[in-house]
Each structure stands twice: as structure tokens, then as C-alpha cells.
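Below is protein37.txt, which holds compact mmCIF, C-alpha atoms.
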```txt
# COMPACT_ATOMS: atom_id res chain seq x y z
CA MET A 151 161.13 -50.54 -106.12
CA ALA A 152 162.09 -49.44 -102.63
CA THR A 153 163.12 -46.14 -101.07
CA PHE A 154 166.73 -45.73 -99.92
CA ASN A 155 168.38 -42.96 -97.95
CA MET A 156 171.78 -41.94 -96.62
CA ARG A 157 173.51 -38.93 -95.09
CA THR A 158 176.18 -37.14 -97.09
CA MET A 159 176.95 -33.61 -98.38
CA ASN A 160 175.81 -32.32 -94.97
CA THR A 161 172.22 -33.37 -95.77
CA ASP A 162 169.89 -36.33 -96.17
CA ILE A 163 169.81 -37.97 -99.60
CA LEU A 164 166.75 -40.03 -100.55
CA VAL A 165 166.11 -41.99 -103.74
CA SER A 166 162.89 -43.76 -104.67
CA GLY A 167 161.61 -45.78 -107.62
CA LEU A 168 165.10 -47.11 -108.37
CA SER A 169 166.70 -50.53 -108.06
CA ALA A 170 169.10 -51.20 -105.20
CA GLN A 171 171.98 -51.15 -107.69
CA ASP A 172 170.95 -47.74 -109.09
CA ALA A 173 170.52 -46.40 -105.56
CA GLN A 174 173.99 -47.57 -104.59
CA GLU A 175 175.46 -45.90 -107.66
CA ALA A 176 173.62 -42.69 -106.83
CA PHE A 177 174.99 -42.66 -103.28
CA GLN A 178 178.52 -43.30 -104.54
CA TRP A 179 178.10 -40.34 -106.88
CA PHE A 180 176.97 -38.04 -104.06
CA ARG A 181 179.96 -39.11 -101.94
CA LEU A 182 182.23 -38.30 -104.87
CA VAL A 183 180.62 -34.88 -105.25
CA GLU A 184 181.03 -34.21 -101.53
CA GLY A 185 184.73 -35.12 -101.76
CA THR A 186 185.09 -32.59 -104.56
CA PHE A 187 182.99 -29.62 -103.43
CA SER A 188 182.68 -29.71 -99.63
CA ARG A 189 183.89 -26.58 -97.84
CA PHE A 190 184.19 -28.63 -94.64
CA LEU A 191 186.53 -31.40 -95.84
CA PRO A 192 190.15 -30.16 -95.73
CA ALA A 193 191.18 -32.51 -98.56
CA SER A 194 188.32 -31.64 -100.93
CA GLU A 195 189.19 -30.04 -104.24
CA LEU A 196 187.29 -26.91 -103.20
CA SER A 197 189.17 -26.57 -99.89
CA LEU A 198 192.51 -27.08 -101.59
CA LEU A 199 191.70 -24.43 -104.20
CA ASN A 200 190.52 -21.93 -101.56
CA GLY A 201 193.75 -22.60 -99.67
CA ARG A 202 195.77 -21.61 -102.73
CA ALA A 203 194.17 -18.21 -103.22
CA GLY A 204 196.26 -16.09 -105.58
CA GLU A 205 197.88 -19.15 -107.18
CA GLU A 206 196.98 -20.63 -110.55
CA THR A 207 195.61 -24.10 -109.78
CA GLY A 208 194.53 -26.92 -112.06
CA VAL A 209 191.04 -28.35 -111.43
CA SER A 210 189.23 -31.52 -112.45
CA GLU A 211 186.75 -31.65 -115.33
CA ARG A 212 183.94 -32.08 -112.79
CA PHE A 213 185.02 -28.99 -110.88
CA ALA A 214 185.41 -26.93 -114.05
CA HIS A 215 181.94 -27.96 -115.21
CA LEU A 216 180.17 -26.80 -112.05
CA LEU A 217 182.26 -23.63 -111.82
CA TYR A 218 181.36 -22.75 -115.40
CA ILE A 219 177.63 -23.26 -114.70
CA SER A 220 177.91 -21.18 -111.52
CA LEU A 221 179.51 -18.30 -113.39
CA GLN A 222 176.71 -18.44 -115.96
CA TYR A 223 174.13 -18.02 -113.19
CA LEU A 224 176.20 -15.27 -111.59
CA ASP A 225 175.84 -13.36 -114.85
CA GLU A 226 172.20 -14.36 -115.47
CA THR A 227 171.05 -13.18 -112.03
CA GLY A 228 173.07 -9.98 -112.04
CA GLY A 229 175.04 -11.19 -109.02
CA ILE A 230 172.07 -12.05 -106.77
CA PHE A 231 173.46 -15.57 -106.97
CA THR A 232 177.20 -15.91 -106.57
CA PRO A 233 179.51 -18.81 -105.69
CA PHE A 234 181.98 -16.41 -104.02
CA LEU A 235 180.50 -16.40 -100.52
CA GLY A 236 182.89 -18.75 -98.70
CA GLN A 237 184.44 -15.99 -96.64
CA ALA A 238 181.12 -14.29 -95.81
CA LEU A 239 179.64 -17.61 -94.62
CA ALA A 240 182.65 -18.34 -92.42
CA ARG A 241 182.51 -14.87 -90.90
CA SER A 242 178.81 -15.37 -90.16
CA GLY A 243 179.74 -18.37 -88.01
CA TYR A 244 179.19 -21.10 -90.64
CA ARG A 245 182.73 -22.46 -90.40
CA GLN A 246 181.97 -26.16 -90.05
CA SER A 247 179.38 -28.74 -91.02
CA PHE A 248 176.00 -27.49 -89.78
CA GLU A 249 175.33 -30.32 -87.32
CA LYS A 250 178.57 -29.38 -85.53
CA ILE A 251 177.60 -25.75 -85.00
CA ASP A 252 176.48 -24.75 -81.52
CA ARG A 253 173.29 -23.01 -82.62
CA GLU A 254 173.19 -20.84 -79.50
CA THR A 255 176.85 -19.80 -79.26
CA ALA A 256 178.55 -19.96 -82.65
CA GLN A 257 182.14 -18.80 -83.02
CA THR A 258 182.68 -15.11 -82.38
CA GLU A 259 182.96 -12.94 -85.47
CA PRO A 260 185.32 -9.99 -85.98
CA ASP A 261 184.14 -6.39 -86.23
CA ASP A 262 181.14 -6.14 -88.56
CA HIS A 263 182.65 -3.57 -90.89
CA ASP A 264 185.75 -5.66 -91.52
CA ALA A 265 183.88 -8.96 -91.60
CA TYR A 266 181.47 -8.04 -94.34
CA SER A 267 183.47 -5.70 -96.52
CA VAL A 268 182.90 -6.61 -100.17
CA SER A 269 186.02 -7.22 -102.22
CA ARG A 270 186.34 -4.93 -105.25
CA GLU A 271 188.96 -7.12 -106.89
CA GLU A 272 188.25 -9.53 -109.73
CA PRO A 273 187.03 -12.66 -107.88
CA ILE A 274 188.50 -15.25 -110.22
CA ARG A 275 190.54 -15.96 -113.32
CA PHE A 276 189.30 -19.11 -115.03
CA ASP A 277 191.01 -20.66 -118.05
CA LEU A 278 188.43 -23.14 -119.26
CA ASP A 279 190.63 -24.65 -121.98
CA ARG A 280 193.52 -25.35 -119.60
CA ARG A 281 191.18 -25.96 -116.64
CA THR A 282 193.06 -23.63 -114.32
CA VAL A 283 191.65 -21.30 -111.70
CA THR A 284 193.16 -18.38 -109.80
CA ILE A 285 190.90 -17.21 -106.99
CA ASN A 286 191.04 -13.96 -105.06
CA ALA A 287 191.61 -14.39 -101.30
CA GLY A 288 188.61 -12.15 -100.58
CA SER A 289 186.27 -14.18 -102.79
CA LEU A 290 186.56 -17.78 -101.59
CA LEU A 291 184.30 -20.29 -103.30
CA ASP A 292 181.32 -22.04 -101.75
CA PHE A 293 179.08 -24.08 -104.06
CA GLY A 294 176.62 -25.01 -101.30
CA GLY A 295 173.16 -25.68 -102.67
CA ILE A 296 174.07 -25.58 -106.36
CA ALA A 297 176.33 -28.61 -105.84
CA LYS A 298 173.38 -30.55 -104.39
CA GLY A 299 171.02 -29.57 -107.18
CA TRP A 300 173.58 -30.13 -109.90
CA SER A 301 174.62 -33.56 -108.60
CA ALA A 302 170.98 -34.74 -108.35
CA GLN A 303 170.27 -33.46 -111.85
CA GLN A 304 173.39 -35.17 -113.24
CA MET A 305 172.46 -38.51 -111.64
CA ALA A 306 168.89 -38.30 -112.92
CA ALA A 307 170.10 -37.54 -116.44
CA THR A 308 172.39 -40.57 -116.34
CA LEU A 309 169.58 -42.88 -115.24
CA ILE A 310 167.09 -41.48 -117.77
CA GLU A 311 169.65 -41.97 -120.54
CA ARG A 312 169.92 -45.62 -119.49
CA GLY A 313 166.19 -46.05 -119.89
CA ARG A 314 165.03 -45.87 -116.28
CA LYS A 315 161.38 -44.97 -116.68
CA GLU A 316 160.76 -43.49 -113.27
CA GLY A 317 162.61 -42.24 -110.24
CA LEU A 318 162.92 -39.55 -107.62
CA ILE A 319 166.09 -38.12 -106.10
CA ASP A 320 165.83 -35.79 -103.10
CA ALA A 321 169.05 -34.08 -102.01
CA GLY A 322 168.03 -32.21 -98.87
CA GLY A 323 164.98 -30.57 -100.43
CA ASP A 324 166.39 -30.35 -103.95
CA ILE A 325 164.18 -32.83 -105.83
CA ILE A 326 164.23 -34.17 -109.37
CA SER A 327 161.56 -36.66 -110.38
CA TRP A 328 160.49 -38.30 -113.59
CA ASN A 329 157.77 -40.75 -114.52
CA SER A 330 157.33 -41.90 -118.10
CA GLY A 331 156.44 -45.51 -117.47
CA SER A 332 153.15 -46.96 -118.72
CA GLY A 333 150.62 -46.95 -115.92
CA GLY A 334 153.04 -45.32 -113.48
CA LYS A 335 151.53 -43.09 -110.80
CA PRO A 336 152.65 -39.46 -110.61
CA TRP A 337 154.87 -38.57 -107.67
CA LEU A 338 153.08 -36.94 -104.71
CA ILE A 339 155.34 -34.76 -102.58
CA GLY A 340 154.81 -32.56 -99.54
CA LEU A 341 156.48 -29.19 -98.98
CA ALA A 342 157.67 -29.01 -95.39
CA HIS A 343 156.59 -26.35 -92.93
CA PRO A 344 159.45 -23.87 -92.31
CA TYR A 345 159.61 -24.87 -88.63
CA SER A 346 158.61 -28.54 -88.78
CA ASP A 347 159.53 -31.39 -91.10
CA GLU A 348 156.51 -33.25 -89.74
CA GLN A 349 154.00 -30.76 -91.21
CA ALA A 350 153.32 -29.98 -94.85
CA ILE A 351 152.23 -26.59 -96.19
CA ALA A 352 151.39 -28.07 -99.61
CA ARG A 353 150.99 -31.42 -101.34
CA LEU A 354 151.76 -31.54 -105.04
CA GLN A 355 151.17 -34.28 -107.60
CA LEU A 356 153.96 -33.86 -110.13
CA LYS A 357 153.63 -34.02 -113.90
CA GLY A 358 156.42 -35.61 -115.94
CA GLN A 359 160.02 -34.61 -115.26
CA THR A 360 160.00 -31.97 -112.54
CA GLY A 361 162.66 -30.18 -110.53
CA ILE A 362 161.81 -28.63 -107.16
CA ALA A 363 164.09 -26.70 -104.82
CA THR A 364 163.15 -25.26 -101.42
CA SER A 365 165.33 -22.80 -99.53
CA SER A 366 164.73 -21.49 -96.03
CA VAL A 367 166.29 -19.00 -93.64
CA VAL A 368 165.02 -21.11 -90.73
CA LYS A 369 166.39 -24.64 -91.15
CA ARG A 370 170.08 -23.64 -91.13
CA SER A 371 170.11 -20.84 -88.60
CA TRP A 372 172.05 -20.10 -85.42
CA LYS A 373 172.93 -17.31 -82.99
CA LEU A 374 176.18 -15.39 -83.18
CA ASN A 375 176.98 -12.88 -80.43
CA GLY A 376 173.30 -12.97 -79.50
CA ARG A 377 172.12 -12.22 -83.05
CA ASN A 378 170.25 -14.54 -85.39
CA LYS A 379 172.19 -15.72 -88.45
CA HIS A 380 171.42 -18.04 -91.35
CA HIS A 381 173.16 -19.37 -94.45
CA ILE A 382 171.35 -17.36 -97.16
CA ILE A 383 173.80 -14.52 -97.75
CA ASP A 384 172.82 -11.39 -99.67
CA PRO A 385 175.82 -10.76 -101.96
CA ARG A 386 175.00 -7.05 -102.07
CA THR A 387 175.80 -6.69 -98.37
CA GLY A 388 177.70 -9.85 -97.40
CA LEU A 389 175.15 -10.29 -94.58
CA PRO A 390 172.41 -12.88 -94.08
CA ALA A 391 169.40 -11.93 -96.22
CA ALA A 392 166.84 -9.80 -94.39
CA SER A 393 163.80 -9.83 -96.67
CA ASP A 394 160.23 -10.57 -95.55
CA LEU A 395 160.39 -14.17 -96.87
CA ILE A 396 161.39 -17.14 -94.73
CA GLN A 397 160.95 -19.95 -97.29
CA ALA A 398 160.83 -20.18 -101.07
CA THR A 399 160.13 -23.12 -103.36
CA VAL A 400 160.75 -22.93 -107.11
CA ILE A 401 159.51 -25.52 -109.60
CA GLY A 402 160.60 -26.19 -113.18
CA ARG A 403 161.53 -28.97 -115.57
CA THR A 404 165.18 -29.08 -114.47
CA LEU A 405 166.55 -28.72 -110.97
CA VAL A 406 169.55 -26.39 -111.05
CA PRO A 407 167.69 -23.18 -112.01
CA CYS A 408 165.12 -23.95 -109.30
CA GLU A 409 167.91 -24.16 -106.69
CA ILE A 410 169.42 -20.87 -107.86
CA TYR A 411 166.19 -18.89 -108.06
CA ALA A 412 164.74 -20.16 -104.76
CA LYS A 413 167.63 -18.47 -102.97
CA CYS A 414 167.26 -15.35 -105.09
CA LEU A 415 163.60 -15.06 -104.08
CA LEU A 416 164.56 -15.29 -100.40
CA ILE A 417 167.09 -12.51 -100.86
CA LEU A 418 164.83 -10.18 -102.86
CA GLY A 419 161.60 -10.63 -100.88
CA SER A 420 157.90 -10.94 -101.71
CA GLU A 421 157.47 -7.62 -103.52
CA LEU A 422 160.50 -7.52 -105.79
CA GLY A 423 161.34 -11.24 -106.05
CA PRO A 424 158.38 -12.59 -108.09
CA VAL A 425 158.51 -9.66 -110.55
CA TRP A 426 162.26 -10.13 -110.94
CA LEU A 427 161.84 -13.89 -111.45
CA ARG A 428 159.20 -13.42 -114.17
CA SER A 429 161.50 -11.02 -116.01
CA ARG A 430 164.30 -13.61 -116.16
CA ARG A 431 162.72 -17.06 -115.96
CA PRO A 432 158.97 -16.71 -116.62
CA GLU A 433 158.65 -20.47 -117.09
CA LEU A 434 159.49 -21.18 -113.44
CA ALA A 435 156.75 -21.51 -110.81
CA TYR A 436 157.04 -20.69 -107.10
CA ILE A 437 155.49 -20.93 -103.65
CA VAL A 438 156.80 -18.52 -101.00
CA VAL A 439 156.13 -18.06 -97.29
CA ASP A 440 156.57 -14.68 -95.59
CA HIS A 441 157.49 -13.95 -91.98
CA GLN A 442 153.80 -13.72 -91.01
CA GLY A 443 153.03 -17.19 -92.33
CA ARG A 444 151.26 -16.05 -95.49
CA LEU A 445 151.72 -18.17 -98.62
CA SER A 446 151.85 -16.85 -102.17
CA ALA A 447 152.02 -19.00 -105.32
CA SER A 448 152.54 -18.23 -108.99
CA SER A 449 149.73 -18.73 -111.49
CA ASN A 450 151.67 -21.30 -113.55
CA LEU A 451 151.96 -24.08 -110.95
CA ASP A 452 149.60 -26.22 -113.01
CA GLN A 453 152.27 -26.58 -115.69
CA TYR A 454 154.24 -28.81 -113.33
CA CYS A 455 151.78 -30.27 -110.84
CA ASP A 456 148.24 -30.78 -109.68
CA ILE A 457 147.67 -29.19 -106.28
CA ALA A 458 146.34 -31.74 -103.81
CA GLU A 459 146.63 -29.29 -100.92
CA LEU A 460 147.94 -25.74 -100.53
CA SER A 461 147.66 -23.66 -97.37
CA GLU A 462 146.89 -19.95 -97.56
CA ARG A 463 148.41 -19.19 -94.18
CA ILE A 464 150.32 -21.23 -91.63
CA ALA A 465 151.00 -20.86 -87.91
CA LEU A 466 154.60 -19.93 -87.11
```

For the structure just supplied, provide its representation as C-alpha cells.
Amino acid sequence: MATFNMRTMNTDILVSGLSAQDAQEAFQWFRLVEGTFSRFLPASELSLLNGRAGEETGVSERFAHLLYISLQYLDETGGIFTPFLGQALARSGYRQSFEKIDRETAQTEPDDHDAYSVSREEPIRFDLDRRTVTINAGSLLDFGGIAKGWSAQQMAATLIERGRKEGLIDAGGDIISWNSGSGGKPWLIGLAHPYSDEQAIARLQLKGQTGIATSSVVKRSWKLNGRNKHHIIDPRTGLPAASDLIQATVIGRTLVPCEIYAKCLLILGSELGPVWLRSRRPELAYIVVDHQGRLSASSNLDQYCDIAELSERIAL
């Protein structure tokens, strides 16, 4: 089996251990997901819904499914994760696909107080039976990373159900892998350095089905009015997160919770984040990097992987 890659959903998609036909189907699926959930495509279902704020709008089964999951995580995390950050991201300068942003001179923002005021209105009315959504104009949707993680998880589940014994899908750092074939070698992956995709801060040999998500405040960052900005928004303030962590990786058996909780760790920081994670999802493992280059890992990593290499501190 070969390795195939393509660019879609504003990121690089890589699949390995699959046939060419399975890889093609996976890429078609990711294109379909992008056409549904992209904030940067004017004709996407998400953009059309955001453009009809205040109006009851019918949505597809696919859209309703991901929205329902997102609202579950909104409740589970006490609002540390929320899909209602479209407006805050745009006001931070993230108004277009990341590769199109001038990272030194992003679009000027309005006055800070007005830009990041948090709406007190109900963000959404969602009729699951009728599949209709009414969204508040101050709470525009952005599925961002959860759409990547969810789409990779959905594709993997489809292939596993068809009897594919092994495979790996990497959607811009959101990875789902499985290996149940006789004599198959476990997947060996490297966790990228926050400032360099060419360096690894850890190498992990995965056990069985494993989901891994890495979030960073470095990779998607830019300057706005001379100030540093990034795409990890703290819903409590509407501003880019300002904790002491610059990168977080979360590992579990399925991918979507890893994607959600990696971002939550970045928002909460090295002191509160791990304690908070253990209180909600003690089964998940993590590796975090703080702004001084120090690494910290949970004690349960061995449930999901053998550690081939793990740095204690890295140069930034």
C-alpha cells in the first residue's frame, strides 16, 4: 500500500496503508466535507447558514450530525469548546483561508471592546427532528478543527466496517490509525516541533486504533495592528488564548474528543488544563509544550503507544 496526499479543507490530508481506490474515496469525502463546513467558501452550507442569521434554515443530515456533536461537547466542556466563534475569528483577522492571510499585516480590526464583546443572547435554536437551525447574528458558527477530526473519524469507521485491516488518515495533524492485520507493524508517528515541521519532539509507536490531535498557537498565527494573533480563541474572552502553553497533543481511542480537548488544554494552560482534563476525560493522554520549551506528558501514554523518543525540553 502506498501513501497519498492532497490539499483540501485548508490543510494537508494524508492517507497511508490504503488502496488507491480507498484513498480516492477518502479525498472525495474530505472535499464534500469542505463544501459543507468551510467558512471560506461562500456557497458552503455553513456560509449560507451564517448569512441567514435570525432566519430558520433547513440543514442537511450531515450538517445536523456535526452540529449535534458540537453542542454535546459545548455542554461537556462547560463552554471551553464552542462552535460559535465565527465572528470572533473574523474580528481577529482570520477572515479568509489561512494561506491567503498576510501574516504581517492582516486586516484591521475594529475597536477591541466592540470587537470582542460576548453575546448574551441564545446562540442557536436547533430543531433536530425537523433539521432546522436559527442562529444568532452574534454567534456565527465555525466548525474549524472539529470538522477535520470528525471527517477523518467518519472515513476511518467506514473503512474499518468494510474490513480494511489497517490504515492511517492524517487531516492536518488530526490522526486516526488502526492496525489489526496479522503481522502488521504498528504505526510510528512523529509529533512536530511547534516551530518546525522538519523536527520531531516525540516519536510514538501506536497500539491498535488510536486517535491523535495536535493544536498549536504557533502554526496559524499572524500580526494584526502590530499584535500577535492566532486561531485558538478563548470563548470566555473572545480573544486569542493567552495561557502558558504553545502546543498540546491529546491521544485516545477515537479522534474527535482528542481534537476538542487539545484546544481546551491550550486555552486553560499547564496548571489548570491537565487537572481539568482528568476530571472530565481521565482516559485521554496528553503531551504539552509550554512557552519555555518544556514538555509535560500524562502518565497513561502507554495505554496508546510505546514511546520511541520523547524530549524533555526543546529549543524555541

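With only C-alpha atoms as the atoms that count, the residue of A:Leu341, A:Ala321, A:Val438, A:Ala238 with the shortest distance to Ala297 of chain A is A:Ala321.
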
(message) Taking (143.7, -31.5, -104.4) as a centre in this file's frame and 9 Å as the limit, can you find every polymer residue with an atom that close, using all atoms listed in the file, and give them as a ChimeraX atom specification?
(response) /A:353-355,456-460

(request) Would you work out the distance separating atom CA of Leu405 of chain A from atom CA of Ala363 of chain A, expressed in Å to one decimal? (result)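 These two atoms are separated by 6.9 Å.
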
(message) Given only C-alpha atoms as the basis, pick out the residue of A:Thr282, A:Gly295, A:Ser194, A:Ser301 nearest to Phe180 of chain A.
(response)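 Of A:Thr282, A:Gly295, A:Ser194, A:Ser301, the one nearest Phe180 of chain A is A:Ser301, counting only C-alpha atoms.
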
(message) Excluding Tyr223 of chain A and its own-chain neighbours fewer than 3 positions away, which residues fall within 12 Å of it when counting only C-alpha atoms? Please give them as a list in words.
(response) Leu216, Leu217, Tyr218, Ile219, Ser220, Glu226, Thr227, Gly228, Gly229, Ile230, Phe231, Thr232, Pro233, Ile296, Val406, Pro407, Cys408, Glu409, Ile410, Tyr411, Cys414, Arg430 and Arg431 of chain A

(request) In Å, rounded to a single decimal, give me how far atom CA of Phe190 of chain A is from atom CA of Ala176 of chain A. (result) 21.4 Å

(request) Kindly indicate which residue among A:Lys357, A:Ala435, A:Gly294, A:Asp162 lies nearest to Gly322 of chain A, using all atoms listed in the file for the distances. (result)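 Nearest candidate to Gly322 of chain A out of A:Lys357, A:Ala435, A:Gly294, A:Asp162: A:Asp162.
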
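Taking atom CA of Val367 of chain A and atom CA of Ile417 of chain A as the two end points, the separation is 9.7 Å.
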
(message) At a cut-off of 10 Å, using all atoms listed in the file, what residues contact Ala306 of chain A? Leave out same-chain residues fewer than 3 positions from it and give the result as a ChimeraX atom specification.
(response) /A:176,300-303,309-312,314,316-319,326-328,359

(request) Rank nothing, just name the residue among A:Leu221, A:Phe293, A:Arg202, A:Arg281 nearest to Thr186 of chain A, using only C-alpha atoms. (result)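 So, comparing all the options, the nearest one is A:Phe293.
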
(message) Could you list, as a PyMOL selection string, every residue within 10 Å of Val283 of chain A, counting all atoms listed in the file and ignoring same-chain residues fewer than 5 positions away?
(response) chain A and resi 199+202-209+214+217+274-278

Just-selected residues, C-alpha atoms written as a PDB file, keeping the file's coordinate frame:
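To be explicit, this is the file written out as out_24.pdb:
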```
ATOM      1  CA  LEU A 199     191.700 -24.430-104.200  1.00  0.00           C
ATOM      2  CA  ARG A 202     195.770 -21.610-102.730  1.00  0.00           C
ATOM      3  CA  ALA A 203     194.170 -18.210-103.220  1.00  0.00           C
ATOM      4  CA  GLY A 204     196.260 -16.090-105.580  1.00  0.00           C
ATOM      5  CA  GLU A 205     197.880 -19.150-107.180  1.00  0.00           C
ATOM      6  CA  GLU A 206     196.980 -20.630-110.550  1.00  0.00           C
ATOM      7  CA  THR A 207     195.610 -24.100-109.780  1.00  0.00           C
ATOM      8  CA  GLY A 208     194.530 -26.920-112.060  1.00  0.00           C
ATOM      9  CA  VAL A 209     191.040 -28.350-111.430  1.00  0.00           C
ATOM     10  CA  ALA A 214     185.410 -26.930-114.050  1.00  0.00           C
ATOM     11  CA  LEU A 217     182.260 -23.630-111.820  1.00  0.00           C
ATOM     12  CA  ILE A 274     188.500 -15.250-110.220  1.00  0.00           C
ATOM     13  CA  ARG A 275     190.540 -15.960-113.320  1.00  0.00           C
ATOM     14  CA  PHE A 276     189.300 -19.110-115.030  1.00  0.00           C
ATOM     15  CA  ASP A 277     191.010 -20.660-118.050  1.00  0.00           C
ATOM     16  CA  LEU A 278     188.430 -23.140-119.260  1.00  0.00           C
TER      17      LEU A 278
END
```

(message) So that I can check the surroundings of segment 398-403 of chain A, please list as a list in words every protein, DNA and RNA residue that reaches within 7 Å of it, counting only C-alpha atoms and ignoring chain neighbours fewer than 6 positions away.
(response)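 The neighbour list is Gln359, Thr360, Gly361, Ile362, Ala363, Thr364, Ser365, Ser366, Tyr411, Ala412, Leu415, Leu416, Leu434, Ala435, Tyr436, Ile437, Val438, Val439 and Tyr454 of chain A.
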
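Residue nearest Gly443 of chain A within the list A:Thr404, A:Lys413, A:Ala240, A:Asp394: A:Asp394 [criterion: smallest interatomic distance, only C-alpha atoms].
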
(request) Would you kindly return, as number ranges by chain, each protein, DNA or RNA residue with an atom no farther than 7 Å from any atom of Gln237 of chain A, considering only C-alpha atoms and excluding same-chain residues fewer than 5 positions away? (result) A: 288-290

Expected file contents, prior selection, C-alpha atoms, as a short mmCIF file (atom, residue, chain, number, x, y, z; two decimals), keeping the file's coordinate frame:
```
data_model
loop_
_atom_site.label_atom_id
_atom_site.label_comp_id
_atom_site.auth_asym_id
_atom_site.auth_seq_id
_atom_site.Cartn_x
_atom_site.Cartn_y
_atom_site.Cartn_z
CA GLY A 288 188.61 -12.15 -100.58
CA SER A 289 186.27 -14.18 -102.79
CA LEU A 290 186.56 -17.78 -101.59
#
```
